[in-house]
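*Asks:* I am attaching a structure below and will ask some questions about it afterwards.
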Amino acid sequence: MAFIICEPCVEVKDSACVDVCPVDCIHEGTDQFYIEPDECIDCGVCEPECPVEAIFEEDAVPEQWTDYIKKNYAYFDK
């Protein structure tokens, strides 16, 4: 199960999470960062580094942001 980056990241795109990811699975999109679910090792290092608290474990994404789960997977289905 991967981590998901949600709404607080949109248009902010602070790269603190990218800097600490040990497997380089966080990619920059046009409006936010995305976590590659097949590359994420679920270490959770990125979560506390996010200054806007936008990163959640997939099964812990707040209800108001569950659309970001589909958005994240769709980003990598290109």
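Residue names in the structure tokens use chain letters A, B, ... in the order shown, residue numbers from 1 in each chain, and ligand numbers from 1 in the order shown.
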Based on the backbone DSSP call, show me all residues of stretch 12-66 of chain A assigned strand (DSSP E or B), as a ChimeraX atom specification.
*Replies:* /A:26-28,33-35,55-57
*Asks:* List as a list in words the protein and nucleic acid residues near A:Asp31, meaning an atom at most 10 Å away when only C-alpha atoms are counted, but skip any in the same chain fewer than 4 places from it.
*Replies:*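 Neighbouring residues, sequence-local ones excluded: Glu7, Cys9, Val10, Glu11, Val12 and Lys13 of chain A.
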*Asks:* Would you output that residue set with N, CA and C atoms, as a PDB file, in the first residue's frame?
*Replies:*
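The file below, selection-v8.pdb, is the result:
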```
ATOM      1  N   GLU A   7      -4.774  17.148  -1.274  1.00  0.00           N
ATOM      2  CA  GLU A   7      -5.046  18.543  -1.615  1.00  0.00           C
ATOM      3  C   GLU A   7      -4.103  19.598  -1.035  1.00  0.00           C
ATOM      4  N   CYS A   9      -1.121  19.798  -0.901  1.00  0.00           N
ATOM      5  CA  CYS A   9       0.079  19.934  -1.735  1.00  0.00           C
ATOM      6  C   CYS A   9      -0.187  20.745  -3.007  1.00  0.00           C
ATOM      7  N   VAL A  10      -1.438  20.771  -3.458  1.00  0.00           N
ATOM      8  CA  VAL A  10      -1.771  21.420  -4.726  1.00  0.00           C
ATOM      9  C   VAL A  10      -1.313  22.869  -4.708  1.00  0.00           C
ATOM     10  N   GLU A  11      -0.554  23.205  -5.728  1.00  0.00           N
ATOM     11  CA  GLU A  11       0.011  24.545  -5.935  1.00  0.00           C
ATOM     12  C   GLU A  11       1.088  24.937  -4.916  1.00  0.00           C
ATOM     13  N   VAL A  12       1.314  24.113  -3.879  1.00  0.00           N
ATOM     14  CA  VAL A  12       2.378  24.406  -2.901  1.00  0.00           C
ATOM     15  C   VAL A  12       3.668  23.734  -3.352  1.00  0.00           C
ATOM     16  N   LYS A  13       3.585  22.439  -3.569  1.00  0.00           N
ATOM     17  CA  LYS A  13       4.698  21.620  -4.054  1.00  0.00           C
ATOM     18  C   LYS A  13       6.017  21.878  -3.331  1.00  0.00           C
TER      19      LYS A  13
END
```
*Asks:* Quick one: residues within 8 Å of stretch 41-58 of chain A, only C-alpha atoms, excluding same-chain residues fewer than 3 positions away - as a list of chain:residue names?
*Replies:* A:Met1, A:Ala2, A:Phe3, A:Ile4, A:Ile5, A:Cys6, A:Glu7, A:Pro8, A:Cys9, A:Asp14, A:Ala16, A:Cys17, A:Val18, A:Val20, A:Cys21, A:Val23, A:Val61, A:Ile69
*Asks:* With N, CA and C atoms retained, could you export that selection as a PDB file, in the first residue's frame?
*Replies:*
```pdb
ATOM      1  N   MET A   1       0.848  -1.169   0.000  1.00  0.00           N
ATOM      2  CA  MET A   1       0.000   0.000   0.000  1.00  0.00           C
ATOM      3  C   MET A   1       0.900   1.239   0.000  1.00  0.00           C
ATOM      4  N   ALA A   2       0.618   2.125  -0.889  1.00  0.00           N
ATOM      5  CA  ALA A   2       1.447   3.327  -1.054  1.00  0.00           C
ATOM      6  C   ALA A   2       0.918   4.486  -0.220  1.00  0.00           C
ATOM      7  N   PHE A   3       1.724   5.494  -0.165  1.00  0.00           N
ATOM      8  CA  PHE A   3       1.301   6.746   0.435  1.00  0.00           C
ATOM      9  C   PHE A   3       0.706   7.614  -0.668  1.00  0.00           C
ATOM     10  N   ILE A   4      -0.216   8.494  -0.289  1.00  0.00           N
ATOM     11  CA  ILE A   4      -0.920   9.354  -1.234  1.00  0.00           C
ATOM     12  C   ILE A   4      -0.721  10.806  -0.820  1.00  0.00           C
ATOM     13  N   ILE A   5      -0.476  11.659  -1.797  1.00  0.00           N
ATOM     14  CA  ILE A   5      -0.351  13.092  -1.536  1.00  0.00           C
ATOM     15  C   ILE A   5      -1.679  13.743  -1.910  1.00  0.00           C
ATOM     16  N   CYS A   6      -2.234  14.511  -0.981  1.00  0.00           N
ATOM     17  CA  CYS A   6      -3.577  15.059  -1.145  1.00  0.00           C
ATOM     18  C   CYS A   6      -3.589  16.576  -1.346  1.00  0.00           C
ATOM     19  N   GLU A   7      -4.774  17.148  -1.274  1.00  0.00           N
ATOM     20  CA  GLU A   7      -5.046  18.543  -1.615  1.00  0.00           C
ATOM     21  C   GLU A   7      -4.103  19.598  -1.035  1.00  0.00           C
ATOM     22  N   PRO A   8      -3.652  19.476   0.207  1.00  0.00           N
ATOM     23  CA  PRO A   8      -2.790  20.548   0.721  1.00  0.00           C
ATOM     24  C   PRO A   8      -1.518  20.777  -0.103  1.00  0.00           C
ATOM     25  N   CYS A   9      -1.121  19.798  -0.901  1.00  0.00           N
ATOM     26  CA  CYS A   9       0.079  19.934  -1.735  1.00  0.00           C
ATOM     27  C   CYS A   9      -0.187  20.745  -3.007  1.00  0.00           C
ATOM     28  N   ASP A  14       5.991  21.770  -2.023  1.00  0.00           N
ATOM     29  CA  ASP A  14       7.223  21.835  -1.243  1.00  0.00           C
ATOM     30  C   ASP A  14       7.941  20.504  -1.421  1.00  0.00           C
ATOM     31  N   ALA A  16      10.265  18.938   0.271  1.00  0.00           N
ATOM     32  CA  ALA A  16      10.895  18.295   1.427  1.00  0.00           C
ATOM     33  C   ALA A  16      10.705  16.782   1.386  1.00  0.00           C
ATOM     34  N   CYS A  17       9.551  16.330   0.915  1.00  0.00           N
ATOM     35  CA  CYS A  17       9.286  14.893   0.843  1.00  0.00           C
ATOM     36  C   CYS A  17      10.181  14.219  -0.198  1.00  0.00           C
ATOM     37  N   VAL A  18      10.420  14.902  -1.290  1.00  0.00           N
ATOM     38  CA  VAL A  18      11.271  14.372  -2.355  1.00  0.00           C
ATOM     39  C   VAL A  18      12.691  14.183  -1.843  1.00  0.00           C
ATOM     40  N   VAL A  20      13.818  13.462   1.044  1.00  0.00           N
ATOM     41  CA  VAL A  20      14.070  12.380   2.004  1.00  0.00           C
ATOM     42  C   VAL A  20      13.692  10.993   1.495  1.00  0.00           C
ATOM     43  N   CYS A  21      13.024  10.905   0.372  1.00  0.00           N
ATOM     44  CA  CYS A  21      12.576   9.597  -0.136  1.00  0.00           C
ATOM     45  C   CYS A  21      13.786   8.743  -0.527  1.00  0.00           C
ATOM     46  N   VAL A  23      13.893   5.945  -2.145  1.00  0.00           N
ATOM     47  CA  VAL A  23      13.779   5.225  -3.419  1.00  0.00           C
ATOM     48  C   VAL A  23      13.362   6.139  -4.576  1.00  0.00           C
ATOM     49  N   VAL A  61      -6.330   8.080   4.116  1.00  0.00           N
ATOM     50  CA  VAL A  61      -6.637   9.350   3.457  1.00  0.00           C
ATOM     51  C   VAL A  61      -7.973   9.851   4.003  1.00  0.00           C
ATOM     52  N   ILE A  69      -6.702   9.507  -4.260  1.00  0.00           N
ATOM     53  CA  ILE A  69      -6.183   8.143  -4.456  1.00  0.00           C
ATOM     54  C   ILE A  69      -6.268   7.801  -5.945  1.00  0.00           C
TER      55      ILE A  69
END
```
*Asks:* Rank A:Asp77, A:Asp67, A:Pro22, A:Asn72 by their smallest atom-to-atom distance to A:Tyr34, using only C-alpha atoms, and report the top residue only.
*Replies:*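 The answer is A:Asn72, which sits nearest to A:Tyr34.
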*Asks:* One number please: atom CA of A:Asp24 to atom CA of A:Glu36, in Å, one decimal.
*Replies:* 9.0 Å
*Asks:* Could you give me, as a list in words, each residue of chain A that DSSP assigns to alpha helix (DSSP H) when run on this structure's backbone?
*Replies:* Ala16, Cys17, Val18, Asp19, Val20, Cys46, Glu47, Pro48, Glu49, Asp67, Tyr68, Ile69, Lys70, Lys71, Asn72, Tyr73, Ala74 and Tyr75 of chain A
*Asks:* One decimal, Å: what's the distance from atom CA of A:Tyr73 over to atom CA of A:Asp38, could you say?
*Replies:* 9.8 Å
*Asks:* For a test of reading the model, state the distance in Å between atom CA of A:His27 and atom CA of A:Tyr75, rounded to one decimal.
*Replies:* 9.8 Å
